[in-house]
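S.K.: The structure that follows is given in the form of structure tokens.
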Amino acid sequence: MDVQLAQISSFSQKDKALVADLHKLVDTVVNQDSIGLVVGRQVLSELVRILGEGSIKEAELRKRVVEDTLTTVQPRIVSYEEQVNALRFQLADLLEEEEEWIDAARVLMGISLDSGQRHVWPLISDSERLKVYVRIVRLLLEEEDSVQAETYYNRAALLAHGNIDRETQLQFKLCQARINDYSRKFLEAATRYHELSYVGEIDEEERRHMLLAAVTCAVLAPAGPNRSRVLASLYRDERTLDLPTYNVLSKMFLDHILRSAEVKEFEKTLKPHQLAKIAISSNDRLASTGQYDAPAGMDEPSASTRTGPATVLDRAVMEHNLLASSQIYNNITFGGLGALLDLTPGAAETMARKMIEQGRLRGSIDQVDKLIWFEGNREEDDAQGKAGGLGDVEEAEDTGAPFTKRWDTQIRLTAANVESIVQHLTEKGLVRLAAAA
């Protein structure tokens, strides 16, 4: 308020006289019954045209004239809806230039665009309505008001299937990605961001920013097969090599365990909504704080006191580390997994149970022995080492012992990899094989 008063006081006497004269003119043509509606509309239309052409150069003075005109016309807005809407667009432009995002969005919200209303701005098409809705969404997201932005995004989505220009289409897709990001639908957001990063019409710096956002959302997405596909797509994109988050991306794609120092470095790149706290249900909290007795004969590390992830990033990293551990271990105790994830044994079991139930982790839980058994997900053909030069390896006899079979598979895979490395080094002339005696 003090800033506005200072701006008004800075107006010259000539400027103040102009504002007063225009106010008197508008008040006369709008509120005097002796002046017909046709004349009033003509006068207001001419005023709108003059303001739109920038006849008043000073932005603050022009904003004050527009606001004063809207206030004066408000009691009879139904009769002058076309002129009022045009003034609202001008006021929104002025507010957006001043980075008053919320105020600009509220001005646009006041425009009558819904076809269900009795009075609708004449000649407005669906594509124009879509542009207004997309602009409102963009302005609201600048202030991180994702709840209200989603409401107007849903309205825009109903109009986005017609013939719309390329610019509006790209703006709508960007709003879609950002709405998914704010709604914590990180997998969908990563996909949308990645698609937009390939669009040639977008500035190169903006495309790099979208690629960075795609990597961030992919890292924050729930661990599982769907995320693995998105990570693979991003990892194979050569542009990600130059991103500061490439180290985390590569470790997640390769199923390497993330360390706390790496997580803290990645956390610095996140936006406030991506660091939001998450609540733990009462049932999960109760299960996480239950009494845990280590299996007999096992020396386990001291248990953590954390009963669950605190933020979205915490949950994403813990689920990834759990998935990565399934590539390393055949089984692990609740206490061992808890030490790995920095959770209580009960909380670690709860997280593993949920991922197994949702099909994001292959395994089973033995609550008697307090063990989590992981099921191997490597294809048999990969283990046979066809690319390593051994050809087809005969299938091992099915002894009915699944863990013995898995052990044999791992030995075959290791031998195949060694053979592949030796063959490659031999071709390069770096290794000479001793001649047979």
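Ordered as shown in the structure tokens, chains take letters A, B, and onward, while each chain numbers its residues from 1 and ligands are numbered from 1 in the order shown.
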Quick one: everything within 12 Å of Val137 of chain A, counting only C-alpha atoms, minus sequence neighbours fewer than 6 positions away in the same chain. Send it as a compact mmCIF listing (two decimals) with all heavy atoms, in the first residue's frame.
M.R.:
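So the final result, stored in around.txt, reads:
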# COMPACT_ATOMS: atom_id res chain seq x y z
N TRP A 101 2.09 -11.98 -10.30
CA TRP A 101 1.48 -13.14 -10.96
C TRP A 101 0.06 -13.41 -10.45
O TRP A 101 -0.86 -13.61 -11.26
CB TRP A 101 2.35 -14.37 -10.74
CG TRP A 101 3.81 -14.18 -10.98
CD1 TRP A 101 4.82 -14.32 -10.08
CD2 TRP A 101 4.45 -13.82 -12.21
NE1 TRP A 101 6.04 -14.08 -10.65
CE2 TRP A 101 5.85 -13.76 -11.96
CE3 TRP A 101 3.98 -13.53 -13.49
CZ2 TRP A 101 6.77 -13.44 -12.94
CZ3 TRP A 101 4.91 -13.21 -14.48
CH2 TRP A 101 6.27 -13.17 -14.20
N ILE A 102 -0.13 -13.42 -9.15
CA ILE A 102 -1.44 -13.75 -8.60
C ILE A 102 -2.48 -12.70 -8.98
O ILE A 102 -3.61 -13.03 -9.37
CB ILE A 102 -1.35 -13.90 -7.06
CG1 ILE A 102 -0.60 -15.18 -6.70
CG2 ILE A 102 -2.75 -13.94 -6.44
CD1 ILE A 102 -1.31 -16.45 -7.08
N ALA A 104 -2.47 -10.73 -11.57
CA ALA A 104 -2.76 -10.88 -13.00
C ALA A 104 -3.70 -12.05 -13.25
O ALA A 104 -4.64 -11.95 -14.06
CB ALA A 104 -1.47 -11.05 -13.79
N ALA A 105 -3.48 -13.15 -12.54
CA ALA A 105 -4.35 -14.32 -12.70
C ALA A 105 -5.78 -14.00 -12.24
O ALA A 105 -6.76 -14.39 -12.88
CB ALA A 105 -3.79 -15.50 -11.92
N ARG A 106 -5.90 -13.30 -11.13
CA ARG A 106 -7.24 -12.96 -10.62
C ARG A 106 -7.99 -12.04 -11.58
O ARG A 106 -9.21 -12.15 -11.73
CB ARG A 106 -7.11 -12.31 -9.25
CG ARG A 106 -6.75 -13.29 -8.15
CD ARG A 106 -6.44 -12.58 -6.85
NE ARG A 106 -6.08 -13.53 -5.80
CZ ARG A 106 -5.50 -13.18 -4.66
NH1 ARG A 106 -5.23 -11.89 -4.42
NH2 ARG A 106 -5.19 -14.10 -3.75
N LEU A 108 -7.68 -12.06 -14.84
CA LEU A 108 -8.14 -12.91 -15.94
C LEU A 108 -9.28 -13.82 -15.52
O LEU A 108 -10.15 -14.16 -16.33
CB LEU A 108 -6.98 -13.75 -16.47
CG LEU A 108 -5.85 -12.97 -17.18
CD1 LEU A 108 -4.71 -13.91 -17.54
CD2 LEU A 108 -6.38 -12.29 -18.43
N MET A 109 -9.28 -14.23 -14.24
CA MET A 109 -10.38 -15.07 -13.75
C MET A 109 -11.72 -14.35 -13.81
O MET A 109 -12.78 -14.98 -13.89
CB MET A 109 -10.10 -15.51 -12.31
CG MET A 109 -8.98 -16.50 -12.14
SD MET A 109 -8.68 -16.85 -10.38
CE MET A 109 -7.08 -17.63 -10.46
N LEU A 130 -9.08 -21.29 -24.57
CA LEU A 130 -7.97 -22.15 -24.15
C LEU A 130 -6.74 -21.32 -23.81
O LEU A 130 -6.06 -21.58 -22.81
CB LEU A 130 -7.65 -23.15 -25.26
CG LEU A 130 -6.43 -24.05 -25.03
CD1 LEU A 130 -6.62 -24.92 -23.79
CD2 LEU A 130 -6.15 -24.91 -26.25
N LYS A 131 -6.44 -20.31 -24.63
CA LYS A 131 -5.29 -19.45 -24.37
C LYS A 131 -5.40 -18.76 -23.02
O LYS A 131 -4.42 -18.63 -22.28
CB LYS A 131 -5.15 -18.41 -25.48
CG LYS A 131 -4.67 -18.98 -26.81
CD LYS A 131 -4.55 -17.86 -27.85
CE LYS A 131 -4.08 -18.42 -29.19
NZ LYS A 131 -3.97 -17.37 -30.22
N GLU A 143 3.44 -18.63 -8.87
CA GLU A 143 3.35 -18.43 -7.42
C GLU A 143 3.15 -19.76 -6.68
O GLU A 143 2.83 -19.78 -5.50
CB GLU A 143 2.18 -17.49 -7.10
CG GLU A 143 2.45 -16.03 -7.43
CD GLU A 143 3.48 -15.41 -6.50
OE1 GLU A 143 3.61 -15.88 -5.36
OE2 GLU A 143 4.15 -14.44 -6.92
N GLU A 144 3.31 -20.88 -7.42
CA GLU A 144 3.21 -22.23 -6.85
C GLU A 144 1.85 -22.51 -6.23
O GLU A 144 1.75 -23.26 -5.25
CB GLU A 144 4.33 -22.48 -5.84
CG GLU A 144 5.72 -22.35 -6.45
CD GLU A 144 6.82 -22.84 -5.54
OE1 GLU A 144 6.50 -23.21 -4.39
OE2 GLU A 144 7.99 -22.87 -5.97
N ASP A 145 0.81 -21.90 -6.78
CA ASP A 145 -0.56 -22.20 -6.35
C ASP A 145 -1.09 -23.33 -7.23
O ASP A 145 -1.89 -23.12 -8.14
CB ASP A 145 -1.43 -20.95 -6.46
CG ASP A 145 -2.83 -21.15 -5.87
OD1 ASP A 145 -3.13 -22.29 -5.44
OD2 ASP A 145 -3.62 -20.19 -5.83
N SER A 146 -0.62 -24.54 -6.95
CA SER A 146 -0.93 -25.67 -7.83
C SER A 146 -2.38 -26.14 -7.71
O SER A 146 -2.93 -26.69 -8.66
CB SER A 146 0.01 -26.85 -7.50
OG SER A 146 -0.13 -27.25 -6.15
N VAL A 147 -3.00 -25.91 -6.55
CA VAL A 147 -4.38 -26.39 -6.35
C VAL A 147 -5.34 -25.64 -7.28
O VAL A 147 -6.13 -26.26 -8.02
CB VAL A 147 -4.80 -26.20 -4.88
CG1 VAL A 147 -6.26 -26.62 -4.69
CG2 VAL A 147 -3.89 -27.02 -3.96
N GLN A 148 -5.28 -24.32 -7.25
CA GLN A 148 -6.15 -23.54 -8.11
C GLN A 148 -5.74 -23.68 -9.58
O GLN A 148 -6.58 -23.66 -10.47
CB GLN A 148 -6.12 -22.07 -7.69
CG GLN A 148 -7.31 -21.26 -8.20
CD GLN A 148 -7.41 -19.92 -7.52
OE1 GLN A 148 -6.51 -19.50 -6.81
NE2 GLN A 148 -8.52 -19.24 -7.71
N ALA A 149 -4.45 -23.82 -9.82
CA ALA A 149 -3.97 -23.99 -11.19
C ALA A 149 -4.53 -25.27 -11.81
O ALA A 149 -4.89 -25.30 -13.00
CB ALA A 149 -2.45 -24.03 -11.21
N GLU A 150 -4.65 -26.33 -11.01
CA GLU A 150 -5.18 -27.59 -11.54
C GLU A 150 -6.64 -27.45 -11.94
O GLU A 150 -7.09 -28.07 -12.91
CB GLU A 150 -5.01 -28.70 -10.50
CG GLU A 150 -5.36 -30.07 -11.02
CD GLU A 150 -4.93 -31.18 -10.09
OE1 GLU A 150 -4.42 -30.88 -8.99
OE2 GLU A 150 -5.10 -32.36 -10.45
N THR A 151 -7.40 -26.62 -11.22
CA THR A 151 -8.80 -26.39 -11.58
C THR A 151 -8.91 -25.80 -12.98
O THR A 151 -9.71 -26.26 -13.81
CB THR A 151 -9.46 -25.44 -10.56
OG1 THR A 151 -9.37 -26.02 -9.26
CG2 THR A 151 -10.91 -25.18 -10.92
N TYR A 152 -8.10 -24.79 -13.26
CA TYR A 152 -8.15 -24.16 -14.58
C TYR A 152 -7.48 -25.02 -15.64
O TYR A 152 -7.85 -24.95 -16.82
CB TYR A 152 -7.51 -22.77 -14.52
CG TYR A 152 -8.44 -21.75 -13.90
CD1 TYR A 152 -8.45 -21.53 -12.53
CD2 TYR A 152 -9.34 -21.04 -14.68
CE1 TYR A 152 -9.32 -20.62 -11.95
CE2 TYR A 152 -10.22 -20.12 -14.11
CZ TYR A 152 -10.20 -19.91 -12.75
OH TYR A 152 -11.08 -19.02 -12.19
N TYR A 153 -6.53 -25.85 -15.24
CA TYR A 153 -5.95 -26.79 -16.19
C TYR A 153 -6.99 -27.80 -16.66
O TYR A 153 -7.05 -28.14 -17.86
CB TYR A 153 -4.76 -27.53 -15.56
CG TYR A 153 -4.34 -28.74 -16.36
CD1 TYR A 153 -3.61 -28.60 -17.53
CD2 TYR A 153 -4.72 -30.02 -15.96
CE1 TYR A 153 -3.25 -29.70 -18.29
CE2 TYR A 153 -4.36 -31.12 -16.70
CZ TYR A 153 -3.63 -30.97 -17.86
OH TYR A 153 -3.29 -32.07 -18.61
N ASN A 154 -7.82 -28.26 -15.75
CA ASN A 154 -8.88 -29.21 -16.13
C ASN A 154 -9.86 -28.57 -17.12
O ASN A 154 -10.37 -29.25 -18.02
CB ASN A 154 -9.62 -29.69 -14.89
CG ASN A 154 -8.75 -30.56 -14.00
OD1 ASN A 154 -7.82 -31.20 -14.47
ND2 ASN A 154 -9.02 -30.57 -12.71
N ARG A 155 -10.14 -27.28 -16.96
CA ARG A 155 -11.00 -26.59 -17.92
C ARG A 155 -10.31 -26.49 -19.28
O ARG A 155 -10.94 -26.67 -20.33
CB ARG A 155 -11.34 -25.19 -17.41
CG ARG A 155 -12.16 -25.17 -16.13
CD ARG A 155 -12.53 -23.75 -15.74
NE ARG A 155 -13.18 -23.69 -14.45
CZ ARG A 155 -13.63 -22.57 -13.89
NH1 ARG A 155 -13.47 -21.41 -14.53
NH2 ARG A 155 -14.21 -22.60 -12.70
N ALA A 156 -9.00 -26.21 -19.25
CA ALA A 156 -8.26 -26.11 -20.51
C ALA A 156 -8.18 -27.46 -21.22
O ALA A 156 -8.23 -27.52 -22.46
CB ALA A 156 -6.85 -25.58 -20.24
N ALA A 157 -8.10 -28.54 -20.45
CA ALA A 157 -7.98 -29.86 -21.05
C ALA A 157 -9.21 -30.23 -21.88
O ALA A 157 -9.10 -30.99 -22.85
CB ALA A 157 -7.77 -30.91 -19.96
N GLN A 171 2.48 -24.56 -24.86
CA GLN A 171 2.24 -24.00 -23.54
C GLN A 171 1.34 -24.92 -22.71
O GLN A 171 1.56 -25.10 -21.51
CB GLN A 171 1.60 -22.62 -23.67
CG GLN A 171 2.55 -21.54 -24.15
CD GLN A 171 1.88 -20.19 -24.26
OE1 GLN A 171 0.65 -20.07 -24.15
NE2 GLN A 171 2.66 -19.15 -24.48
N PHE A 172 0.35 -25.51 -23.36
CA PHE A 172 -0.54 -26.44 -22.65
C PHE A 172 0.23 -27.67 -22.18
O PHE A 172 0.05 -28.13 -21.04
CB PHE A 172 -1.69 -26.86 -23.56
CG PHE A 172 -2.58 -27.91 -22.97
CD1 PHE A 172 -3.52 -27.58 -21.99
CD2 PHE A 172 -2.46 -29.24 -23.36
CE1 PHE A 172 -4.33 -28.56 -21.42
CE2 PHE A 172 -3.27 -30.22 -22.79
CZ PHE A 172 -4.21 -29.88 -21.83
N LYS A 173 1.09 -28.22 -23.03
CA LYS A 173 1.87 -29.40 -22.64
C LYS A 173 2.82 -29.07 -21.49
O LYS A 173 3.03 -29.91 -20.60
CB LYS A 173 2.65 -29.93 -23.83
CG LYS A 173 1.78 -30.62 -24.88
CD LYS A 173 2.62 -31.21 -25.99
CE LYS A 173 1.75 -31.97 -26.98
NZ LYS A 173 2.56 -32.57 -28.07
N LEU A 174 3.40 -27.86 -21.51
CA LEU A 174 4.28 -27.46 -20.41
C LEU A 174 3.48 -27.33 -19.12
O LEU A 174 3.94 -27.76 -18.05
CB LEU A 174 4.97 -26.15 -20.75
CG LEU A 174 5.91 -25.58 -19.67
CD1 LEU A 174 6.99 -26.59 -19.32
CD2 LEU A 174 6.52 -24.28 -20.12
N CYS A 175 2.28 -26.75 -19.20
CA CYS A 175 1.43 -26.65 -18.01
C CYS A 175 1.07 -28.04 -17.49
O CYS A 175 1.03 -28.28 -16.28
CB CYS A 175 0.15 -25.87 -18.34
SG CYS A 175 0.41 -24.10 -18.58
N GLN A 176 0.82 -28.96 -18.42
CA GLN A 176 0.50 -30.34 -18.03
C GLN A 176 1.66 -30.97 -17.27
O GLN A 176 1.47 -31.61 -16.22
CB GLN A 176 0.19 -31.15 -19.29
CG GLN A 176 -0.33 -32.56 -19.02
CD GLN A 176 -0.65 -33.29 -20.30
OE1 GLN A 176 0.00 -33.08 -21.33
NE2 GLN A 176 -1.66 -34.13 -20.27
N ALA A 177 2.87 -30.76 -17.77
CA ALA A 177 4.05 -31.31 -17.09
C ALA A 177 4.22 -30.69 -15.71
O ALA A 177 4.50 -31.40 -14.72
CB ALA A 177 5.30 -31.07 -17.94
N ARG A 178 4.04 -29.38 -15.61
CA ARG A 178 4.23 -28.70 -14.33
C ARG A 178 3.14 -29.08 -13.32
O ARG A 178 3.41 -29.22 -12.13
CB ARG A 178 4.26 -27.19 -14.54
CG ARG A 178 5.46 -26.73 -15.37
CD ARG A 178 5.50 -25.22 -15.52
NE ARG A 178 5.75 -24.56 -14.24
CZ ARG A 178 5.74 -23.25 -14.08
NH1 ARG A 178 5.46 -22.45 -15.10
NH2 ARG A 178 5.99 -22.72 -12.90
N ILE A 179 1.90 -29.25 -13.80
CA ILE A 179 0.83 -29.68 -12.91
C ILE A 179 1.13 -31.07 -12.36
O ILE A 179 0.97 -31.34 -11.15
CB ILE A 179 -0.53 -29.68 -13.65
CG1 ILE A 179 -1.01 -28.24 -13.86
CG2 ILE A 179 -1.57 -30.47 -12.87
CD1 ILE A 179 -1.45 -27.52 -12.61
S.K.: Between atom CA of Ala415 of chain A and atom CA of Ile328 of chain A, what distance in Å does the model show, to one decimal?
M.R.: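 The value is 17.8 Å.
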S.K.: Can you list every residue in segment 34-246 of chain A that DSSP puts in alpha helix (DSSP H), as a PyMOL selection string?
M.R.: chain A and resi 37-52+59-73+81-97+101-109+126-142+146-157+166-182+186-196+204-220+225-235+246
S.K.: Would you list the contacts of Leu258 of chain A as a list in words, taking every protein, DNA or RNA residue within 8 Å and counting only C-alpha atoms, but skipping same-chain residues closer than 6 positions in sequence?
M.R.: Val248, Lys251, Met252, Val317 and Asn321 of chain A
S.K.: Kindly save the residues from that selection, with N, CA, C and O atoms included, as an mmCIF file, in the first residue's frame.
M.R.:
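Here's the written file out02.cif:
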data_model
loop_
_atom_site.group_PDB
_atom_site.id
_atom_site.type_symbol
_atom_site.label_atom_id
_atom_site.label_comp_id
_atom_site.auth_asym_id
_atom_site.auth_seq_id
_atom_site.Cartn_x
_atom_site.Cartn_y
_atom_site.Cartn_z
ATOM 1 N N VAL A 248 23.546 -38.859 -10.223
ATOM 2 C CA VAL A 248 22.414 -39.538 -9.577
ATOM 3 C C VAL A 248 21.618 -40.329 -10.601
ATOM 4 O O VAL A 248 21.186 -41.459 -10.345
ATOM 5 N N LYS A 251 23.493 -43.576 -11.472
ATOM 6 C CA LYS A 251 23.462 -44.566 -10.388
ATOM 7 C C LYS A 251 22.085 -45.203 -10.259
ATOM 8 O O LYS A 251 21.970 -46.396 -9.968
ATOM 9 N N MET A 252 21.047 -44.404 -10.467
ATOM 10 C CA MET A 252 19.704 -44.982 -10.381
ATOM 11 C C MET A 252 19.447 -45.928 -11.549
ATOM 12 O O MET A 252 18.845 -46.985 -11.378
ATOM 13 N N VAL A 317 14.653 -42.243 -2.644
ATOM 14 C CA VAL A 317 15.989 -42.810 -2.452
ATOM 15 C C VAL A 317 15.907 -44.141 -1.716
ATOM 16 O O VAL A 317 16.601 -45.109 -2.069
ATOM 17 N N ASN A 321 17.200 -47.651 -3.178
ATOM 18 C CA ASN A 321 18.219 -48.460 -2.504
ATOM 19 C C ASN A 321 17.701 -49.857 -2.183
ATOM 20 O O ASN A 321 18.462 -50.832 -2.219
#
S.K.: Please report the interatomic distance between atom CA of Lys277 of chain A and atom CA of Arg184 of chain A in Å with one decimal.
M.R.: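 One can read the atom CA of Lys277 of chain A to atom CA of Arg184 of chain A distance as 11.8 Å.
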S.K.: Would you mind reading off the distance between atom CA of Lys428 of chain A and atom CA of Thr409 of chain A, one decimal, in Å?
M.R.: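 Here the two named atoms are 29.0 Å from each other.
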